[in-house]
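To start, the structure under review is shown below, and the notes come after it.
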Amino acid sequence: MRSRAKGRVVTTMADVARLAGVSTATVSHVLNRTRAVNAPTVAAVEDAIRATGYTQNFVARSLAGAASSTIGVAVSAISNHYFSDVISAVEVACSKRNLMMFLSDTHDDPMHQLQVVREFYRRRVDGIVLAPVSDGDTDILGFLRSNKVPTVLIDRVANEDFDQVGAENLEATAELVLHLASHGHRRIGFIAGRASLLTSSERLEGYHRGLATASLPAEIDLVANGDSSAAEGRAAAHRLLGRGERPTAIISGNNLMTIGTLRALREAGLRVPEDIALVGFDDFDWAEFSSPPLTVMAQPAQELGRIAVDLLMRRFNDPAKVPQTIRLSPKLVIRASCGCAPS
């Protein structure tokens with residue numbers, strides 16, 4: 001029989017055993033590997049687990065309704081400086097509230113992301129802070145919604161059914177275009193991020209908005225996809241440089257692609273900003289100490305992490321509260337790579 005805890009429908013081990021046609025002891029042995037079980041029986045139990053959506057609980061069933069004082073945090077690339085800053089802010093905010101934090105990297109893999117979130121749920125975390133792998137991932141959002149898991153989406157503002165906080169991308173990217181246009185640039189290239197992410201599409205839209213405001217034509221040859229990674233950003237920059245009349249300036253859609261773009265420009269023997277200007281979205285530690293120092297649109301990562309925990313706490317206190325979407329304004333940090341004099 002299914003039970004309820006915190007408004008969730010909880011599938012029991014008995015439900016799995018009944019569907020698989022085995023004893024609950026056998027299900028336990030399959031889950032915990034405490035005894036050898038023949039392959040057909042293991043397959044039957046695993047099929048029943050998938051069919052019922054059963055998640056093993058580390059907490060005693062009698063305590064299933066109790067708070068665990070933990071939250072799960074899942075982001076797509078812990079090594080990315082931007083997400084590291086967000087995680088740091090989340091940890092500080094959790095510490096002030098006596099919350100422990102489980103952290104996992106989804107590796108931008110939808111299936112791994114689902115496994116991570118299921119594991120958080122199995123461990124009965126009180127809530128989850130998640131940077132979704134993609135905006136249209138109905139599996140992960142459906143799991144969170146159907147199991148009534150208090151969740152805050154960060155960075156990738158993907159679904160208004162959830163509390164979420166991210167940067168404002170359109171006007172921020174348009175501002176980068178206008179800054180370059182103020183230096184006289186008329187051929188401004190753009191390296192876009194992964195197409196499945198709302199952040200990428202918004203920044204691309206912001207790029208076009210900036211071109212329109214500056215009365216510059218939108219040319220398809222001036223846009224290349226860098227898939228939000230350093231390696232693909234490098235390849236995208238080389239493509240831009242090889243398309244007829246090269247751009248006189250490039251905007252990179254995130255910090256990893258900026259790193260890749262810098263490498264490509266140096267491989268091409270181009271000096272920044274003398275031969276080509278470069279600006280990017282996201283600040284990072286050594287951007288200020290690069291040669292030249294990089295002009296960037298800095299996202300408020302610390303504020304974003306703090307607000308994510310605030311939203312989660314409000315959700316704990318009022319589960320029926322209408323979900324909030326919060327957009328934070330990035331800040332243009334002017335250094336020398338755009339052609340401005342070093343400050």
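Residues in the structure tokens are named by chain (A, B, ... in the order shown) and by number from 1 within that chain; ligands are numbered from 1 in the order shown.
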
Within 10 Å of segment 218-238 of chain A, which residues of segment 132-209 of chain A show up? Give each one with its shortest atom-to-atom distance in Å (one decimal) and the two atoms involved, counting only C-alpha atoms, rows by chain then rising residue number, as a tab-separated table.
residue	atom	partner	partner_atom	distance
A:Arg187	CA	A:Leu222	CA	7.5
A:Ile188	CA	A:Leu222	CA	6.8
A:Gly189	CA	A:Leu222	CA	4.5
A:Phe190	CA	A:Val223	CA	4.9
A:Ile191	CA	A:Ala224	CA	5.1
A:Ala192	CA	A:Asn225	CA	4.7
A:Gly193	CA	A:Ser228	CA	4.3
A:Arg194	CA	A:Asp227	CA	4.0
A:Ala195	CA	A:Asp227	CA	7.2
A:Ser196	CA	A:Asp227	CA	9.4
A:Leu197	CA	A:Ser228	CA	9.5
A:Ser200	CA	A:Ser228	CA	8.3
A:Leu204	CA	A:Val223	CA	8.9
A:Tyr207	CA	A:Ala218	CA	9.1
A:His208	CA	A:Ala218	CA	6.6
A:Arg209	CA	A:Ala218	CA	9.6

Writing out the chosen residues with N, CA, C and O atoms as an mmCIF file, in the first residue's frame:
data_model
loop_
_atom_site.group_PDB
_atom_site.id
_atom_site.type_symbol
_atom_site.label_atom_id
_atom_site.label_comp_id
_atom_site.auth_asym_id
_atom_site.auth_seq_id
_atom_site.Cartn_x
_atom_site.Cartn_y
_atom_site.Cartn_z
ATOM 1 N N ARG A 187 31.398 45.292 -37.504
ATOM 2 C CA ARG A 187 31.291 43.853 -37.721
ATOM 3 C C ARG A 187 31.610 43.159 -36.391
ATOM 4 O O ARG A 187 32.776 42.917 -36.058
ATOM 5 N N ILE A 188 30.550 42.895 -35.647
ATOM 6 C CA ILE A 188 30.677 42.341 -34.299
ATOM 7 C C ILE A 188 30.209 40.894 -34.327
ATOM 8 O O ILE A 188 29.032 40.603 -34.576
ATOM 9 N N GLY A 189 31.127 39.976 -34.097
ATOM 10 C CA GLY A 189 30.784 38.560 -34.083
ATOM 11 C C GLY A 189 30.237 38.126 -32.730
ATOM 12 O O GLY A 189 30.474 38.774 -31.702
ATOM 13 N N PHE A 190 29.507 37.013 -32.746
ATOM 14 C CA PHE A 190 28.925 36.500 -31.500
ATOM 15 C C PHE A 190 29.105 34.985 -31.446
ATOM 16 O O PHE A 190 28.771 34.276 -32.397
ATOM 17 N N ILE A 191 29.637 34.501 -30.324
ATOM 18 C CA ILE A 191 29.771 33.060 -30.106
ATOM 19 C C ILE A 191 28.702 32.647 -29.122
ATOM 20 O O ILE A 191 28.722 33.036 -27.938
ATOM 21 N N ALA A 192 27.727 31.880 -29.604
ATOM 22 C CA ALA A 192 26.542 31.518 -28.821
ATOM 23 C C ALA A 192 26.772 30.226 -28.052
ATOM 24 O O ALA A 192 27.566 29.373 -28.455
ATOM 25 N N GLY A 193 26.046 30.080 -26.953
ATOM 26 C CA GLY A 193 26.132 28.880 -26.133
ATOM 27 C C GLY A 193 25.207 27.785 -26.609
ATOM 28 O O GLY A 193 24.577 27.881 -27.668
ATOM 29 N N ARG A 194 25.113 26.740 -25.808
ATOM 30 C CA ARG A 194 24.314 25.565 -26.153
ATOM 31 C C ARG A 194 22.880 25.963 -26.472
ATOM 32 O O ARG A 194 22.207 26.642 -25.696
ATOM 33 N N ALA A 195 22.392 25.500 -27.613
ATOM 34 C CA ALA A 195 21.101 25.950 -28.123
ATOM 35 C C ALA A 195 19.930 25.545 -27.240
ATOM 36 O O ALA A 195 18.884 26.193 -27.253
ATOM 37 N N SER A 196 20.073 24.475 -26.456
ATOM 38 C CA SER A 196 18.962 23.984 -25.634
ATOM 39 C C SER A 196 18.760 24.794 -24.360
ATOM 40 O O SER A 196 17.811 24.550 -23.620
ATOM 41 N N LEU A 197 19.638 25.773 -24.100
ATOM 42 C CA LEU A 197 19.554 26.556 -22.869
ATOM 43 C C LEU A 197 18.918 27.919 -23.133
ATOM 44 O O LEU A 197 19.271 28.612 -24.086
ATOM 45 N N SER A 200 21.321 30.788 -23.386
ATOM 46 C CA SER A 200 21.962 30.944 -24.701
ATOM 47 C C SER A 200 21.062 31.685 -25.670
ATOM 48 O O SER A 200 21.496 32.617 -26.367
ATOM 49 N N LEU A 204 21.654 35.418 -27.339
ATOM 50 C CA LEU A 204 21.653 35.606 -28.789
ATOM 51 C C LEU A 204 20.622 36.659 -29.187
ATOM 52 O O LEU A 204 20.895 37.527 -30.027
ATOM 53 N N TYR A 207 21.992 39.991 -28.349
ATOM 54 C CA TYR A 207 22.963 40.400 -29.370
ATOM 55 C C TYR A 207 22.255 41.054 -30.547
ATOM 56 O O TYR A 207 22.639 42.143 -31.000
ATOM 57 N N HIS A 208 21.197 40.423 -31.033
ATOM 58 C CA HIS A 208 20.452 40.994 -32.161
ATOM 59 C C HIS A 208 19.770 42.300 -31.766
ATOM 60 O O HIS A 208 19.692 43.239 -32.577
ATOM 61 N N ARG A 209 19.287 42.369 -30.525
ATOM 62 C CA ARG A 209 18.664 43.609 -30.056
ATOM 63 C C ARG A 209 19.683 44.741 -30.047
ATOM 64 O O ARG A 209 19.387 45.873 -30.437
#

Where does segment 212-325 of chain A meet segment 172-179 of chain A within 9 Å, residue by residue, with the nearest atom pair and distance in Å to one decimal for each, counting only C-alpha atoms, listed by chain and rising number, as a Markdown table?
| residue | atom | partner | partner_atom | distance |
| --- | --- | --- | --- | --- |
| A:Thr213 | CA | A:Leu178 | CA | 7.8 |
| A:Ala214 | CA | A:Leu178 | CA | 6.4 |
| A:Ile251 | CA | A:Leu176 | CA | 7.4 |
| A:Gly253 | CA | A:Thr173 | CA | 8.5 |
| A:Val279 | CA | A:Leu176 | CA | 7.3 |
| A:Gly280 | CA | A:Leu176 | CA | 8.1 |
| A:Phe281 | CA | A:Thr173 | CA | 7.7 |
| A:Val296 | CA | A:Leu176 | CA | 8.2 |
| A:Met297 | CA | A:Ala172 | CA | 7.1 |

Keeping only N, CA, C and O atoms, write those residues as a JSON list (two decimals), in the first residue's frame.
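Resulting contents of part_0.json:
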[["chain", "number", "residue", "atom", "x", "y", "z"],
["A", 213, "THR", "N", 19.63, 48.27, -32.18],
["A", 213, "THR", "CA", 19.72, 49.57, -31.52],
["A", 213, "THR", "C", 20.86, 50.40, -32.10],
["A", 213, "THR", "O", 20.75, 51.63, -32.23],
["A", 214, "ALA", "N", 21.95, 49.73, -32.46],
["A", 214, "ALA", "CA", 23.11, 50.43, -33.03],
["A", 214, "ALA", "C", 23.01, 50.60, -34.54],
["A", 214, "ALA", "O", 23.96, 51.09, -35.17],
["A", 251, "ILE", "N", 31.95, 38.93, -29.29],
["A", 251, "ILE", "CA", 31.32, 38.76, -27.99],
["A", 251, "ILE", "C", 31.19, 37.26, -27.74],
["A", 251, "ILE", "O", 30.68, 36.52, -28.58],
["A", 253, "GLY", "N", 29.61, 34.20, -25.37],
["A", 253, "GLY", "CA", 28.40, 34.03, -24.57],
["A", 253, "GLY", "C", 28.58, 33.47, -23.18],
["A", 253, "GLY", "O", 27.63, 33.48, -22.39],
["A", 279, "VAL", "N", 35.01, 40.80, -25.87],
["A", 279, "VAL", "CA", 34.31, 40.95, -24.59],
["A", 279, "VAL", "C", 33.54, 39.66, -24.34],
["A", 279, "VAL", "O", 33.24, 38.89, -25.27],
["A", 280, "GLY", "N", 33.22, 39.40, -23.07],
["A", 280, "GLY", "CA", 32.55, 38.13, -22.77],
["A", 280, "GLY", "C", 31.50, 38.26, -21.69],
["A", 280, "GLY", "O", 31.47, 39.24, -20.94],
["A", 281, "PHE", "N", 30.65, 37.26, -21.63],
["A", 281, "PHE", "CA", 29.66, 37.15, -20.55],
["A", 281, "PHE", "C", 30.28, 36.28, -19.46],
["A", 281, "PHE", "O", 30.81, 35.22, -19.75],
["A", 296, "VAL", "N", 34.13, 42.30, -19.38],
["A", 296, "VAL", "CA", 33.12, 41.24, -19.24],
["A", 296, "VAL", "C", 31.81, 41.80, -18.69],
["A", 296, "VAL", "O", 31.78, 42.87, -18.09],
["A", 297, "MET", "N", 30.76, 41.02, -18.88],
["A", 297, "MET", "CA", 29.48, 41.27, -18.22],
["A", 297, "MET", "C", 29.43, 40.30, -17.05],
["A", 297, "MET", "O", 29.28, 39.09, -17.23]]

Checklist entry - Can you tell me, as a list in words, what residues are no more than 9 Å from Glu303 of chain A when counting only C-alpha atoms, ignoring any on the same chain fewer than 2 positions away? => result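 My reading of the contact set: Val86, Ala89, Pro300, Ala301, Gly305, Arg306, Ile307, Ala308 and Leu328 of chain A.
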
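When atom CA of Ser76 of chain A is paired with atom CA of Asp47 of chain A, their separation reads 28.9 Å.
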
Checklist outcome for this item: Atom pair atom CA of Gly127 of chain A + atom CA of Val152 of chain A, distance 8.2 Å

Checklist entry - In segment 127-222 of chain A, what's alpha helix (DSSP H) per DSSP? Answer as a VMD selection string? => result chain A and resid 138 to 146 170 to 182 198 to 213

Checklist entry - DSSP on the backbone: what in segment 212-256 of chain A comes out strand (DSSP E or B), as a PyMOL selection string? => result chain A and resi 223-225+249-252

Could you save the residues just selected, with N, CA and C atoms, as a PDB file, in the first residue's frame?
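Contents of out.pdb, freshly written:
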ATOM      1  N   VAL A 223      27.756  34.896 -36.583  1.00  0.00           N
ATOM      2  CA  VAL A 223      27.330  34.102 -35.422  1.00  0.00           C
ATOM      3  C   VAL A 223      27.827  32.672 -35.576  1.00  0.00           C
ATOM      4  N   ALA A 224      28.421  32.133 -34.522  1.00  0.00           N
ATOM      5  CA  ALA A 224      28.862  30.731 -34.516  1.00  0.00           C
ATOM      6  C   ALA A 224      28.505  30.130 -33.157  1.00  0.00           C
ATOM      7  N   ASN A 225      28.176  28.840 -33.152  1.00  0.00           N
ATOM      8  CA  ASN A 225      27.790  28.172 -31.900  1.00  0.00           C
ATOM      9  C   ASN A 225      29.009  27.552 -31.232  1.00  0.00           C
ATOM     10  N   ALA A 249      35.390  42.655 -33.872  1.00  0.00           N
ATOM     11  CA  ALA A 249      35.168  42.436 -32.434  1.00  0.00           C
ATOM     12  C   ALA A 249      34.340  41.171 -32.271  1.00  0.00           C
ATOM     13  N   ILE A 250      34.523  40.509 -31.136  1.00  0.00           N
ATOM     14  CA  ILE A 250      33.771  39.286 -30.839  1.00  0.00           C
ATOM     15  C   ILE A 250      33.199  39.376 -29.429  1.00  0.00           C
ATOM     16  N   ILE A 251      31.949  38.928 -29.294  1.00  0.00           N
ATOM     17  CA  ILE A 251      31.318  38.763 -27.989  1.00  0.00           C
ATOM     18  C   ILE A 251      31.194  37.263 -27.738  1.00  0.00           C
ATOM     19  N   SER A 252      31.662  36.817 -26.578  1.00  0.00           N
ATOM     20  CA  SER A 252      31.553  35.409 -26.202  1.00  0.00           C
ATOM     21  C   SER A 252      30.435  35.247 -25.181  1.00  0.00           C
TER      22      SER A 252
END
